[in-house]
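Okay, final-v8.cif is below, mmCIF, C-alpha atoms and all ligand atoms:
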```cif
data_structure
#
loop_
_atom_site.label_atom_id
_atom_site.label_comp_id
_atom_site.auth_asym_id
_atom_site.auth_seq_id
_atom_site.Cartn_x
_atom_site.Cartn_y
_atom_site.Cartn_z
CA MET A 809 -15.42 48.68 46.44
CA ASN A 810 -18.39 47.04 44.93
CA ARG A 811 -21.49 48.56 46.45
CA LYS A 812 -23.76 46.29 44.46
CA TYR A 813 -22.74 43.21 46.37
CA ARG A 814 -21.41 44.40 49.72
CA LYS A 815 -21.21 47.17 52.25
CA THR A 816 -18.49 49.77 52.23
CA VAL A 817 -17.22 50.29 55.77
CA ILE A 818 -15.04 53.11 57.06
CA ALA A 819 -13.90 52.19 60.57
CA GLY A 820 -11.67 54.12 62.94
CA ASN A 821 -9.33 52.45 65.41
CA TRP A 822 -8.37 54.89 68.11
CA LYS A 823 -5.97 52.46 69.84
CA MET A 824 -4.86 53.91 73.21
CA ASN A 825 -5.78 57.51 72.44
CA LYS A 826 -8.28 60.00 73.84
CA THR A 827 -9.97 60.29 77.22
CA PRO A 828 -13.77 60.16 77.70
CA SER A 829 -13.84 63.99 77.76
CA GLU A 830 -11.85 64.19 74.55
CA THR A 831 -14.18 61.59 73.05
CA LYS A 832 -17.17 63.84 73.71
CA GLU A 833 -15.36 66.77 72.11
CA PHE A 834 -14.37 64.72 69.05
CA MET A 835 -17.89 63.38 68.53
CA THR A 836 -19.40 66.86 68.72
CA GLN A 837 -17.00 68.05 66.02
CA LEU A 838 -17.55 64.94 63.89
CA LYS A 839 -21.33 65.33 64.04
CA SER A 840 -21.11 68.89 62.79
CA ILE A 841 -19.15 67.93 59.65
CA MET A 842 -20.44 64.43 58.96
CA PRO A 843 -21.50 64.01 55.30
CA LYS A 844 -25.26 63.66 54.95
CA GLY A 845 -25.44 60.83 52.37
CA ARG A 846 -25.62 57.21 53.47
CA TRP A 847 -23.23 55.57 51.10
CA CYS A 848 -21.15 53.68 53.59
CA ASP A 849 -21.23 52.32 57.12
CA VAL A 850 -19.14 54.29 59.57
CA ALA A 851 -17.68 52.82 62.75
CA LEU A 852 -15.44 54.16 65.46
CA CYS A 853 -13.69 51.66 67.71
CA VAL A 854 -12.57 53.38 70.87
CA PRO A 855 -10.90 52.54 74.20
CA ALA A 856 -13.28 50.72 76.56
CA VAL A 857 -13.67 53.63 78.97
CA CYS A 858 -14.64 55.93 76.07
CA ILE A 859 -17.47 53.67 74.86
CA PRO A 860 -20.24 55.22 77.03
CA ALA A 861 -19.34 58.77 75.96
CA ALA A 862 -19.10 57.74 72.30
CA VAL A 863 -22.39 55.85 72.33
CA ARG A 864 -24.19 58.71 74.07
CA ALA A 865 -22.85 61.28 71.62
CA MET A 866 -23.61 59.26 68.49
CA ARG A 867 -26.99 57.80 69.48
CA GLU A 868 -29.02 59.54 66.76
CA THR A 869 -26.37 59.25 64.06
CA ARG A 870 -25.23 56.70 61.51
CA VAL A 871 -21.92 56.14 63.30
CA GLY A 872 -21.70 52.77 65.05
CA ILE A 873 -19.42 52.47 68.05
CA GLY A 874 -17.09 49.55 68.59
CA ALA A 875 -14.53 48.16 71.01
CA GLU A 876 -10.90 47.35 70.27
CA ASN A 877 -10.88 43.92 71.90
CA CYS A 878 -13.06 41.50 73.85
CA ASN A 879 -12.72 38.36 75.90
CA ALA A 880 -14.07 35.11 74.47
CA ASN A 881 -15.50 33.91 77.78
CA ALA A 882 -19.02 34.79 78.83
CA SER A 883 -18.10 35.81 82.40
CA GLY A 884 -15.91 34.80 85.30
CA ALA A 885 -12.50 35.24 86.88
CA TYR A 886 -10.72 37.21 84.14
CA THR A 887 -9.52 40.34 85.91
CA GLY A 888 -9.39 43.35 83.63
CA GLU A 889 -11.19 41.67 80.74
CA ILE A 890 -14.46 42.63 79.04
CA ALA A 891 -17.06 40.14 77.76
CA THR A 892 -18.99 40.57 74.52
CA ASN A 893 -22.39 40.87 76.24
CA MET A 894 -20.99 43.79 78.26
CA LEU A 895 -20.01 45.52 75.02
CA VAL A 896 -23.46 44.93 73.54
CA ASP A 897 -25.13 46.25 76.68
CA ALA A 898 -22.89 49.34 76.56
CA GLY A 899 -24.13 50.03 73.02
CA CYS A 900 -21.32 48.62 70.86
CA LYS A 901 -22.02 47.28 67.39
CA TYR A 902 -18.49 46.33 66.39
CA VAL A 903 -15.37 44.85 67.92
CA ILE A 904 -11.87 44.74 66.45
CA ILE A 905 -10.34 41.29 66.91
CA GLY A 906 -6.77 40.14 66.38
CA HIS A 907 -5.14 43.48 65.65
CA SER A 908 -1.41 42.95 65.08
CA GLU A 909 -0.65 45.10 68.12
CA ARG A 910 -2.62 42.64 70.25
CA ARG A 911 -1.10 39.64 68.50
CA ALA A 912 2.30 41.12 69.38
CA MET A 913 1.14 41.01 73.03
CA GLY A 914 0.61 37.26 72.72
CA GLU A 915 -2.81 36.82 71.12
CA THR A 916 -2.85 33.62 69.05
CA ASP A 917 -4.97 32.56 66.07
CA ALA A 918 -6.89 30.28 68.45
CA ASP A 919 -7.64 33.29 70.70
CA VAL A 920 -8.73 35.30 67.66
CA ASN A 921 -11.03 32.49 66.56
CA ALA A 922 -12.61 32.13 70.02
CA LYS A 923 -13.22 35.90 70.13
CA VAL A 924 -14.75 35.95 66.63
CA LEU A 925 -17.16 33.19 67.62
CA ALA A 926 -18.04 34.94 70.90
CA ALA A 927 -18.61 38.27 69.15
CA LEU A 928 -20.91 36.68 66.56
CA GLU A 929 -22.80 34.83 69.26
CA ALA A 930 -23.40 38.12 71.08
CA GLY A 931 -24.57 39.86 67.90
CA LEU A 932 -21.49 42.06 67.47
CA THR A 933 -19.84 42.57 64.09
CA PRO A 934 -16.26 41.35 64.42
CA ILE A 935 -13.60 43.22 62.46
CA MET A 936 -11.05 40.42 62.23
CA CYS A 937 -7.55 41.62 61.40
CA CYS A 938 -4.82 39.82 59.53
CA GLY A 939 -1.51 40.95 58.11
CA GLU A 940 2.06 39.96 57.35
CA SER A 941 5.33 41.35 58.66
CA LEU A 942 7.89 42.93 56.35
CA GLU A 943 10.08 39.85 56.74
CA GLN A 944 7.23 37.59 55.65
CA ARG A 945 6.46 39.80 52.66
CA GLU A 946 10.09 39.83 51.62
CA SER A 947 10.34 36.06 51.88
CA GLY A 948 7.33 35.73 49.57
CA ILE A 949 4.97 33.98 51.99
CA THR A 950 2.32 36.72 52.31
CA GLU A 951 -0.40 34.79 50.51
CA GLU A 952 0.06 31.59 52.55
CA TRP A 953 0.38 33.48 55.83
CA ILE A 954 -2.80 35.47 55.30
CA ALA A 955 -4.71 32.37 54.13
CA MET A 956 -3.66 30.61 57.31
CA GLN A 957 -4.75 33.51 59.53
CA ILE A 958 -8.12 33.64 57.78
CA LYS A 959 -8.72 29.88 57.95
CA LEU A 960 -7.77 29.66 61.63
CA GLY A 961 -9.63 32.85 62.57
CA LEU A 962 -12.85 31.75 60.89
CA ALA A 963 -12.83 28.12 62.06
CA GLY A 964 -16.32 27.09 63.10
CA VAL A 965 -18.02 30.23 61.74
CA SER A 966 -21.23 29.01 60.12
CA GLU A 967 -22.53 29.71 56.60
CA GLU A 968 -25.25 31.86 58.17
CA LYS A 969 -22.83 33.97 60.19
CA ILE A 970 -19.96 34.53 57.77
CA ARG A 971 -21.58 37.56 56.16
CA LYS A 972 -21.58 39.30 59.54
CA VAL A 973 -17.78 39.16 59.66
CA ILE A 974 -15.66 42.04 58.40
CA ILE A 975 -12.06 41.20 57.54
CA ALA A 976 -9.35 43.85 57.74
CA TYR A 977 -6.09 43.35 55.91
CA GLU A 978 -3.39 45.32 57.69
CA PRO A 979 0.20 44.71 56.63
CA ILE A 980 2.21 45.21 59.82
CA TRP A 981 4.89 47.19 57.98
CA ALA A 982 2.28 49.76 56.94
CA ILE A 983 0.70 50.37 60.35
CA GLY A 984 1.56 53.74 61.85
CA THR A 985 4.59 54.02 59.59
CA GLY A 986 3.29 56.32 56.90
CA ARG A 987 4.32 53.59 54.47
CA THR A 988 1.01 52.60 52.87
CA ALA A 989 0.73 49.49 50.73
CA THR A 990 0.24 50.47 47.10
CA PRO A 991 -3.34 50.04 45.87
CA GLU A 992 -2.09 47.10 43.77
CA GLN A 993 -0.37 45.40 46.72
CA ALA A 994 -3.44 45.87 48.93
CA GLU A 995 -5.82 44.71 46.20
CA GLU A 996 -3.79 41.58 45.52
CA VAL A 997 -4.04 40.45 49.15
CA CYS A 998 -7.70 41.47 49.57
CA GLU A 999 -8.55 39.55 46.41
CA GLY A 1000 -6.67 36.57 47.85
CA ILE A 1001 -8.66 36.83 51.10
CA ARG A 1002 -11.91 36.74 49.11
CA ALA A 1003 -10.67 33.65 47.30
CA VAL A 1004 -10.01 31.93 50.63
CA VAL A 1005 -13.54 32.81 51.82
CA ARG A 1006 -14.90 31.48 48.51
CA LYS A 1007 -13.17 28.15 49.08
CA LEU A 1008 -14.31 27.91 52.70
CA TYR A 1009 -17.89 29.04 52.06
CA SER A 1010 -19.30 29.91 48.64
CA SER A 1011 -18.98 32.45 45.84
CA LYS A 1012 -22.11 34.19 47.09
CA ASN A 1013 -20.71 34.60 50.58
CA ALA A 1014 -17.31 35.64 49.26
CA ARG A 1015 -18.98 38.28 47.13
CA ALA A 1016 -20.99 39.58 50.08
CA ILE A 1017 -18.23 39.96 52.66
CA SER A 1018 -16.57 43.34 53.28
CA ILE A 1019 -12.78 43.36 53.26
CA LEU A 1020 -11.05 46.49 54.56
CA TYR A 1021 -7.52 47.75 54.11
CA GLY A 1022 -5.64 49.28 57.04
CA GLY A 1023 -2.15 50.71 57.43
CA SER A 1024 -1.42 54.41 57.07
CA MET A 1025 -4.65 54.98 55.16
CA ASN A 1026 -5.38 58.68 55.14
CA GLU A 1027 -7.35 61.44 53.43
CA LYS A 1028 -4.78 61.56 50.61
CA ASN A 1029 -4.48 57.91 49.64
CA ALA A 1030 -8.01 56.69 50.55
CA TYR A 1031 -9.59 57.38 47.17
CA GLU A 1032 -7.14 55.25 45.22
CA LEU A 1033 -7.22 52.39 47.71
CA LEU A 1034 -11.03 52.39 47.84
CA ALA A 1035 -11.20 52.36 44.03
CA GLN A 1036 -9.85 48.80 44.04
CA PRO A 1037 -12.56 46.20 43.44
CA ASP A 1038 -11.80 44.06 46.50
CA ILE A 1039 -11.10 46.86 49.01
CA ASP A 1040 -14.46 47.57 50.61
CA GLY A 1041 -13.35 50.16 53.12
CA GLY A 1042 -10.67 51.07 55.59
CA LEU A 1043 -9.56 50.48 59.15
CA ILE A 1044 -8.00 53.76 60.04
CA GLY A 1045 -5.73 54.49 62.98
CA GLY A 1046 -3.97 57.86 63.09
CA ALA A 1047 -6.26 59.64 60.62
CA SER A 1048 -9.36 58.62 62.61
CA LEU A 1049 -8.23 60.80 65.51
CA VAL A 1050 -8.86 64.00 63.56
CA PRO A 1051 -12.52 64.62 62.61
CA GLU A 1052 -11.70 66.48 59.36
CA LYS A 1053 -9.38 63.73 58.12
CA PHE A 1054 -11.81 60.97 59.04
CA VAL A 1055 -14.63 62.76 57.20
CA GLN A 1056 -12.47 63.15 54.09
CA ILE A 1057 -11.92 59.40 54.09
CA ILE A 1058 -15.68 58.83 54.40
CA GLU A 1059 -16.10 61.16 51.44
CA ALA A 1060 -13.56 59.17 49.44
CA ALA A 1061 -15.93 56.23 49.84
CA ASN A 1062 -18.49 58.19 47.86
CA GLN A 1063 -16.95 57.49 44.51
CA PRO A 1064 -18.47 55.76 41.51
CA THR A 1065 -17.88 52.04 41.41
CA VAL A 1066 -18.09 49.56 38.58
P1 LIG B 1101 -2.70 53.54 61.07
O1 LIG B 1101 -3.30 52.29 61.91
O2 LIG B 1101 -3.81 54.03 60.18
O3 LIG B 1101 -2.32 54.55 62.11
O4 LIG B 1101 -1.55 53.01 60.30
C1 LIG B 1101 -4.16 51.38 61.33
C2 LIG B 1101 -4.49 50.29 62.31
O5 LIG B 1101 -3.58 49.84 63.03
O6 LIG B 1101 -5.65 49.85 62.42
#
```
Translate this file's structure into structure tokens.
Amino acid sequence: MNRKYRKTVIAGNWKMNKTPSETKEFMTQLKSIMPKGRWCDVALCVPAVCIPAAVRAMRETRVGIGAENCNANASGAYTGEIATNMLVDAGCKYVIIGHSERRAMGETDADVNAKVLAALEAGLTPIMCCGESLEQRESGITEEWIAMQIKLGLAGVSEEKIRKVIIAYEPIWAIGTGRTATPEQAEEVCEGIRAVVRKLYSSKNARAISILYGGSMNEKNAYELLAQPDIDGGLIGGASLVPEKFVQIIEAANQPTV
């Protein structure tokens, strides 16, 4: 983290978990134990049907609600899809884009890019995900692969808008596996992502952008991961489903930085 130059963001990704009733219950518990200080931004990205309950429950709090996906088109014949203006109107502030679980369902870098542009246009903060498979890591192409995902995902994002984008580095082999990247491994890639942003934009923009780590981040390993200079927060799956664990991760973001 480097709070001098950029925001620290702790974001939950509920994936396909919890009903609207369970959402209400979770938010009530979370509110009662939420740390008082304002040292980091907190987001919870929830299933679409849970958004109204989450927004209602967290209206007067510092927790921003987000979606887990969006469609890049403004409206039209896209059965089952949700447009960015609908998310804004429902009270969302964030949207996760290009999660590896969605990429595995066929989402391409071009889709990710179109969604990032649509989200920015609507005023949402996109949390754009990237990450390599175990096979890619073992063949030594992590750096190139991530650079490619970042370049393609950010194509056409203007100098003015880049600071609104949050990037999440999530190695696929670490997601939901309990096998977290070491702080050094995660830092190396996050530092590389910042270097790519520096080349595409400027040092100032690269310094200002928040880069999160995701993949089995939990209340035990969060402190060490967040202590890395280029890891500005976390995208948390499993541990964001339990209020106590999520709060402990938020607390880990309250550590001294250089
Ligand atoms: P995990 O998921 O924390 O359960 O590994 C992270 C993510 O997929 O965003």
Handout entry: Near-range 966-979 of chain A list (7 Å; all atoms listed in the file; drop same-chain fewer than 6 positions) as an NGL selection string
Key = :A and (933-941 or 998 or 1009 or 1013 or 1016-1023 or 1043)
Same residues, C-alpha atoms, saved as a PDB file, in the frame of the given file:
```pdb
ATOM      1  CA  THR A 933     -19.840  42.570  64.090  1.00  0.00           C
ATOM      2  CA  PRO A 934     -16.260  41.350  64.420  1.00  0.00           C
ATOM      3  CA  ILE A 935     -13.600  43.220  62.460  1.00  0.00           C
ATOM      4  CA  MET A 936     -11.050  40.420  62.230  1.00  0.00           C
ATOM      5  CA  CYS A 937      -7.550  41.620  61.400  1.00  0.00           C
ATOM      6  CA  CYS A 938      -4.820  39.820  59.530  1.00  0.00           C
ATOM      7  CA  GLY A 939      -1.510  40.950  58.110  1.00  0.00           C
ATOM      8  CA  GLU A 940       2.060  39.960  57.350  1.00  0.00           C
ATOM      9  CA  SER A 941       5.330  41.350  58.660  1.00  0.00           C
ATOM     10  CA  CYS A 998      -7.700  41.470  49.570  1.00  0.00           C
ATOM     11  CA  TYR A1009     -17.890  29.040  52.060  1.00  0.00           C
ATOM     12  CA  ASN A1013     -20.710  34.600  50.580  1.00  0.00           C
ATOM     13  CA  ALA A1016     -20.990  39.580  50.080  1.00  0.00           C
ATOM     14  CA  ILE A1017     -18.230  39.960  52.660  1.00  0.00           C
ATOM     15  CA  SER A1018     -16.570  43.340  53.280  1.00  0.00           C
ATOM     16  CA  ILE A1019     -12.780  43.360  53.260  1.00  0.00           C
ATOM     17  CA  LEU A1020     -11.050  46.490  54.560  1.00  0.00           C
ATOM     18  CA  TYR A1021      -7.520  47.750  54.110  1.00  0.00           C
ATOM     19  CA  GLY A1022      -5.640  49.280  57.040  1.00  0.00           C
ATOM     20  CA  GLY A1023      -2.150  50.710  57.430  1.00  0.00           C
ATOM     21  CA  LEU A1043      -9.560  50.480  59.150  1.00  0.00           C
TER      22      LEU A1043
END
```
Within 6 Å of ligand LIG 1101 (chain B): each chain A residue with its shortest pair, only C-alpha atoms and all ligand atoms, as a Markdown table:
```
| residue | atom | partner | partner_atom | distance |
| --- | --- | --- | --- | --- |
| A:Asn821 | CA | B:LIG1101 | O6 | 5.4 |
| A:Ile983 | CA | B:LIG1101 | O4 | 3.5 |
| A:Gly984 | CA | B:LIG1101 | O4 | 3.6 |
| A:Gly1022 | CA | B:LIG1101 | C1 | 5.0 |
| A:Gly1023 | CA | B:LIG1101 | O4 | 3.7 |
| A:Ser1024 | CA | B:LIG1101 | O4 | 3.5 |
| A:Met1025 | CA | B:LIG1101 | O2 | 5.2 |
| A:Leu1043 | CA | B:LIG1101 | O6 | 5.1 |
| A:Ile1044 | CA | B:LIG1101 | O2 | 4.2 |
| A:Gly1045 | CA | B:LIG1101 | O2 | 3.4 |
| A:Gly1046 | CA | B:LIG1101 | O3 | 3.8 |
```
Exercise for the section: Show which residues sit within 12 Å of range 917-928 of chain A, as a VMD selection string. Count all atoms listed in the file, and ignore same-chain residues fewer than 5 positions away. Expected result: chain A and resid 874 to 883 890 to 896 900 to 908 910 to 912 933 to 938 953 to 966 968 to 975
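With all atoms listed in the file as the atoms that count, the minimum distance from Ser840 in chain A to the choices A:Glu1052, A:Glu951, A:Glu999, A:Glu915 is reached by A:Glu1052.
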Practice task
Within 10 Å of (-10.5, 55.6, 73.0) (coordinates as in the file), grab all the protein and nucleic acid residues, counting only C-alpha atoms, and write them out as a ChimeraX atom specification.
Solution key: /A:821-828,830-831,852-859,861-862,874-876,1049
Handout entry: Spatial neighbours of Cys848 in chain A, 10 Å, only C-alpha atoms, chain gap at least 5 places, as a list in words
Key =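 The filter keeps Arg811, Lys815, Thr816, Val817, Ile818, Arg870, Asp1040, Gly1041, Ile1058, Glu1059, Ala1061 and Asn1062 of chain A.
Reported to one decimal place, the separation of CA of Asn1026 in chain A from CA of Ala1047 in chain A is 5.6 Å.
If only C-alpha atoms are the atoms counted, then among A:Arg846, A:Arg864, A:Arg945, A:Lys832 the closest residue to Ala989 in chain A is A:Arg945.
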Handout entry: Distance in Å - CA of Glu929 in chain A versus CA of Glu889 in chain A
Key =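 Going from CA of Glu929 in chain A over to CA of Glu889 in chain A covers 17.7 Å.
Each of A:Ile873, A:Val863, A:Val1004, A:Glu1027 was checked against Val1050 in chain A using all atoms listed in the file; the smallest atom-to-atom distance is that of A:Glu1027.
Coordinates place CA of Thr887 in chain A at a distance of 23.5 Å from CA of Gly931 in chain A.
Distance check against Gln993 in chain A using only C-alpha atoms: of A:Leu942, A:Ile949, A:Leu1033, A:Leu838, the minimum falls on A:Leu1033.
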Handout entry: Selected residue, from A:Ser1010, A:Tyr813, A:Ile841, A:Thr988, that lies nearest to Phe1054 in chain A when counting all atoms listed in the file
Key =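 Looking at the shortest contact to Phe1054 in chain A, the residue is A:Ile841.
Among A:Asn810, A:Pro1064, A:Ala865, A:Ile1057, the residue with the shortest atom-to-atom distance to Phe834 in chain A, counting only C-alpha atoms, is A:Ala865.
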